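Remarks on the structure that follows.
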Amino acid sequence: MFAKMGSATIAFRTSLVALAFSSWGCSGALAADTTQQLTAVPDPSRFGRIGEKLAEWHVVAGGGALIQPEYEGSDKFKVTPVPFVSATLFDTLTIDPTGATLAVFERDAFEISARLGYELGRQEDDSDHLRGMGDIDFGATIGAKAAVELGPVELFAQLDKTIGGSEGLVGRVGLEVTQPVSERLILGASASAVVADENHMQAYFGVSAEQATRSGLKRFDAGAGLKRADFSLSATYSINQNWIVRGEAQLGVLVGDAADSPVVMEKLQPAAMLLVGYKF
């Protein structure tokens with residue numbers, strides 16, 4: 001799949017999908033001409049020494065817009081600009097706005113990678129409905145991901161621990177299908193399930209006695225378990241050797257205690273993005 005398509009595409013895809021849902025949380029053998037079309041890197045001599053370094057790192061830069069709920073569980077939406085720069089070194093280390101991913105073990109179609117990132121938290125002023133709930137602080141995350149590729153399908157499982165913020169533990173299991181339909185166009189689809197421990201669930205969906213008094217919401221204890229299911233459809237179009245456009249639509253469905261929380265106004269959590277990237 002994209003892992004087989006070269007460093008430039010890995011960097012582009014990682015940044016776009018991860019930016020779309022840091023809670024979205026979203027990786028085939030392709031025809032040779034498609035691979036060449038989407039992963040070709042400009043001649044480093046065009047940029048001198050700087051170009052040589054950029055070629056080594058396969059840098060991708062761009063931006064776009066993301067529309068998503070004001071907070072997880074909101075029934076109102078916000079539009080957020082999404083600038084980004086990502087870089088991948090030797091198909092091993094990827095650095096992008098969501099953090100860093102390092103491949104630590106790979107054999108045939110199986111790979112294990114280490115992850116370092118962050119959890120943005122939640123601000124009380126993100127929505128009128130959250131007034132009195134207080135803020136959830138920013139936190140760093142550290143985790144691991146295991147994935148196996150079966151033709152155009154990738155099966156994956158990942159686990160992330162937040163240090164600070166919610167102090168929670170969040171896991172995701174799922175699959176993703178990526179398929180070229182022409183030399184320039186690649187379509188994708190994914191489905192995954194998210195589970196979380198009590199710390200994460202109580203931070204984002206629980207209402208303590210103090211919070212209930214301040215906010216007027218009903219007291220609620222959120223326990224560990226299945227939190228949501230996510231589904232997505234995407235299209236990536238290569239305009240030319242350097243420019244790429246990607247669009248993605250996603251739907252999250254809150255379940256269990258997350259869905260029953262008085263913090264949640266809507267169980268269905270749709271989101272969409274449109275991004276443009278330039279491969280150096």
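Residues in the structure tokens are numbered from 1 in each chain, the chains being A, B, ... in the order shown, and ligands are numbered from 1 in the order shown.
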
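Omitting Thr101 in chain A and its sequence neighbours fewer than 4 positions away, and counting only C-alpha atoms, the residues within 6 Å are A:Leu93, A:Thr94, A:Ala114, A:Arg115.
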
Tell me, as a ChimeraX atom specification, which residues lie within 6 Å of Glu198 in chain A, counting only C-alpha atoms; anything in the same chain fewer than 4 positions away does not count.
/A:202,223-224

May I have the residues from that selection written out with C-alpha atoms, as a compact mmCIF listing (two decimals), in the first residue's frame?
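Result saved to result_26.txt:
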```txt
# COMPACT_ATOMS: atom_id res chain seq x y z
CA GLN A 202 -13.60 10.06 32.74
CA GLY A 223 -15.75 3.59 32.62
CA ALA A 224 -13.12 1.92 30.45
```

Using only C-alpha atoms, the shortest atom-to-atom distance to Gly143 in chain A among A:Ala209, A:Leu233, A:Leu102, A:Val181 belongs to A:Leu102

Determine, counting only C-alpha atoms, which protein, DNA and RNA residues have an atom within 8 Å of an atom of Ala147 in chain A; residues of the same chain fewer than 2 positions away are not included. Present the result as a ChimeraX atom specification.
/A:110-112,145,149,154-157

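Contact shell of Val245 in chain A at 10 Å (only C-alpha atoms; same-chain neighbours under 2 positions omitted): Gly62, Gly63, Gly64, Leu185, Ala235, Thr236, Tyr237, Ser238, Ile239, Trp243, Gly247, Leu274, Leu275, Val276, Gly277 and Tyr278 of chain A.
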
Which residue of A:Ser215, A:Thr141, A:Ser234, A:Ser192 approaches Gln179 in chain A most closely, using only C-alpha atoms
A:Ser234

For each of A:Glu266, A:Glu248, A:Asp230, A:Asp137, take the minimum atom-to-atom distance to Gln123 in chain A, counting only C-alpha atoms, then give the residue where this is smallest.
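Ranked by minimum distance to Gln123 in chain A, first place goes to A:Asp137.
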
Find the residues around His200 in chain A up to 12 Å (only C-alpha atoms counted), leave out those fewer than 6 positions away in its own chain, and share them as a list in words.
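In the requested format, the answer is Glu119, Gly121, Arg122, Ile136, Gly139, Asp160, Lys161, Thr162, Ile163, Gly164, Gly165, Ser166, Glu167, Gly168, Leu169, Val170, Gly171, Val194, Gly206, Asp221, Ala222, Gly223, Ala224, Gly225, Leu226, Lys227, Asp257 and Ala258 of chain A.
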
Need to verify the contact set: Glu176 in chain A, 7 Å, only C-alpha atoms, exclusion of same-chain residues closer than 4 positions in sequence. Can you return it as number ranges by chain?
A: 27, 153-155, 189-191

Can you pull out every residue from range 89-267 of chain A that DSSP, working from the backbone, puts in alpha helix (DSSP H), and format the result as an NGL selection string?
:A and (198-205 or 209-215 or 256-260)

For the residues in that selection, give me all heavy atoms as a compact mmCIF listing (two decimals), in the first residue's frame.
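Just written: result_16.txt:
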```txt
# COMPACT_ATOMS: atom_id res chain seq x y z
N GLU A 198 -10.13 4.05 31.89
CA GLU A 198 -11.02 4.87 32.70
C GLU A 198 -10.53 6.31 32.80
O GLU A 198 -11.34 7.24 32.82
CB GLU A 198 -11.15 4.27 34.10
CG GLU A 198 -12.16 5.00 34.98
CD GLU A 198 -12.38 4.31 36.32
OE1 GLU A 198 -11.83 3.21 36.52
OE2 GLU A 198 -13.10 4.89 37.15
N ASN A 199 -9.20 6.52 32.87
CA ASN A 199 -8.67 7.88 32.97
C ASN A 199 -9.10 8.73 31.78
O ASN A 199 -9.56 9.86 31.93
CB ASN A 199 -7.14 7.87 33.05
CG ASN A 199 -6.63 7.40 34.38
OD1 ASN A 199 -7.38 7.36 35.36
ND2 ASN A 199 -5.37 7.04 34.45
N HIS A 200 -8.93 8.18 30.57
CA HIS A 200 -9.30 8.91 29.36
C HIS A 200 -10.81 9.14 29.31
O HIS A 200 -11.27 10.25 29.02
CB HIS A 200 -8.84 8.13 28.13
CG HIS A 200 -9.20 8.80 26.84
ND1 HIS A 200 -8.35 9.66 26.19
CD2 HIS A 200 -10.33 8.73 26.07
CE1 HIS A 200 -8.93 10.10 25.08
NE2 HIS A 200 -10.13 9.55 24.99
N MET A 201 -11.57 8.09 29.58
CA MET A 201 -13.03 8.20 29.48
C MET A 201 -13.59 9.19 30.49
O MET A 201 -14.47 10.00 30.16
CB MET A 201 -13.64 6.82 29.66
CG MET A 201 -13.32 5.83 28.55
SD MET A 201 -14.09 6.26 26.98
CE MET A 201 -15.80 5.84 27.32
N GLN A 202 -13.08 9.15 31.72
CA GLN A 202 -13.60 10.06 32.74
C GLN A 202 -13.21 11.50 32.42
O GLN A 202 -14.00 12.43 32.65
CB GLN A 202 -13.08 9.65 34.12
CG GLN A 202 -13.66 10.45 35.27
CD GLN A 202 -15.17 10.28 35.43
OE1 GLN A 202 -15.74 9.27 35.02
NE2 GLN A 202 -15.82 11.28 36.01
N ALA A 203 -11.99 11.69 31.89
CA ALA A 203 -11.55 13.05 31.57
C ALA A 203 -12.43 13.69 30.50
O ALA A 203 -12.81 14.87 30.61
CB ALA A 203 -10.09 13.02 31.11
N TYR A 204 -12.77 12.94 29.46
CA TYR A 204 -13.49 13.52 28.33
C TYR A 204 -15.00 13.34 28.39
O TYR A 204 -15.74 14.13 27.77
CB TYR A 204 -12.95 12.93 27.02
CG TYR A 204 -11.60 13.48 26.65
CD1 TYR A 204 -10.43 12.81 27.02
CD2 TYR A 204 -11.48 14.68 25.94
CE1 TYR A 204 -9.18 13.33 26.70
CE2 TYR A 204 -10.24 15.20 25.62
CZ TYR A 204 -9.08 14.52 26.00
OH TYR A 204 -7.85 15.03 25.69
N PHE A 205 -15.46 12.32 29.10
CA PHE A 205 -16.90 12.04 29.08
C PHE A 205 -17.53 11.98 30.47
O PHE A 205 -18.75 11.99 30.59
CB PHE A 205 -17.16 10.73 28.34
CG PHE A 205 -16.66 10.74 26.93
CD1 PHE A 205 -15.50 10.06 26.58
CD2 PHE A 205 -17.32 11.46 25.95
CE1 PHE A 205 -15.00 10.09 25.29
CE2 PHE A 205 -16.85 11.49 24.64
CZ PHE A 205 -15.68 10.81 24.31
N ALA A 209 -18.84 15.38 40.66
CA ALA A 209 -19.81 16.13 41.46
C ALA A 209 -19.54 17.62 41.37
O ALA A 209 -20.47 18.43 41.24
CB ALA A 209 -19.75 15.65 42.91
N GLU A 210 -18.27 18.00 41.40
CA GLU A 210 -17.91 19.42 41.31
C GLU A 210 -18.26 19.98 39.93
O GLU A 210 -18.80 21.10 39.82
CB GLU A 210 -16.41 19.59 41.57
CG GLU A 210 -15.94 21.03 41.53
CD GLU A 210 -14.45 21.16 41.79
OE1 GLU A 210 -13.80 20.12 42.08
OE2 GLU A 210 -13.95 22.29 41.69
N GLN A 211 -17.96 19.22 38.89
CA GLN A 211 -18.29 19.68 37.54
C GLN A 211 -19.80 19.77 37.34
O GLN A 211 -20.29 20.69 36.67
CB GLN A 211 -17.70 18.72 36.51
CG GLN A 211 -16.18 18.80 36.39
CD GLN A 211 -15.62 17.71 35.49
OE1 GLN A 211 -16.11 16.57 35.49
NE2 GLN A 211 -14.59 18.05 34.72
N ALA A 212 -20.54 18.86 37.94
CA ALA A 212 -22.00 18.88 37.83
C ALA A 212 -22.57 20.15 38.47
O ALA A 212 -23.49 20.79 37.94
CB ALA A 212 -22.60 17.64 38.47
N THR A 213 -22.00 20.53 39.61
CA THR A 213 -22.45 21.74 40.30
C THR A 213 -22.18 22.98 39.46
O THR A 213 -23.03 23.88 39.35
CB THR A 213 -21.75 21.86 41.67
OG1 THR A 213 -22.07 20.73 42.47
CG2 THR A 213 -22.19 23.13 42.38
N ARG A 214 -20.99 23.05 38.86
CA ARG A 214 -20.60 24.23 38.09
C ARG A 214 -21.31 24.31 36.74
O ARG A 214 -21.64 25.39 36.26
CB ARG A 214 -19.09 24.25 37.85
CG ARG A 214 -18.24 24.37 39.10
CD ARG A 214 -16.83 24.81 38.74
NE ARG A 214 -16.28 23.98 37.67
CZ ARG A 214 -15.38 23.02 37.85
NH1 ARG A 214 -14.96 22.75 39.08
NH2 ARG A 214 -14.91 22.32 36.83
N SER A 215 -21.49 23.15 36.09
CA SER A 215 -22.00 23.15 34.72
C SER A 215 -23.50 22.95 34.59
O SER A 215 -24.10 23.32 33.58
CB SER A 215 -21.30 22.04 33.92
OG SER A 215 -21.69 20.76 34.39
N GLY A 256 -21.14 3.17 23.87
CA GLY A 256 -20.92 2.88 25.28
C GLY A 256 -21.10 4.11 26.16
O GLY A 256 -21.96 4.95 25.93
N ASP A 257 -20.25 4.22 27.17
CA ASP A 257 -20.33 5.34 28.10
C ASP A 257 -20.08 6.68 27.41
O ASP A 257 -20.60 7.71 27.85
CB ASP A 257 -19.33 5.16 29.24
CG ASP A 257 -19.81 4.16 30.29
OD1 ASP A 257 -20.94 3.65 30.14
OD2 ASP A 257 -19.05 3.87 31.24
N ALA A 258 -19.27 6.67 26.35
CA ALA A 258 -19.03 7.92 25.61
C ALA A 258 -20.33 8.43 25.03
O ALA A 258 -20.63 9.63 25.09
CB ALA A 258 -18.00 7.69 24.51
N ALA A 259 -21.12 7.55 24.44
CA ALA A 259 -22.39 7.95 23.84
C ALA A 259 -23.41 8.38 24.89
O ALA A 259 -24.26 9.24 24.64
CB ALA A 259 -22.96 6.81 23.00
N ASP A 260 -23.35 7.78 26.08
CA ASP A 260 -24.33 8.05 27.13
C ASP A 260 -23.99 9.28 27.96
O ASP A 260 -24.81 9.73 28.77
CB ASP A 260 -24.45 6.84 28.06
CG ASP A 260 -25.00 5.61 27.36
OD1 ASP A 260 -25.70 5.79 26.34
OD2 ASP A 260 -24.72 4.48 27.81
```

Which is closer to Gln269 in chain A than all the others in A:Ile67, A:Leu120, A:Val148, A:Ala61, using only C-alpha atoms?
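Closest candidate: A:Ile67.
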
Rounded to one decimal, what separation in Å do you get between CA of Ser86 in chain A and CA of Asp135 in chain A?
29.5 Å
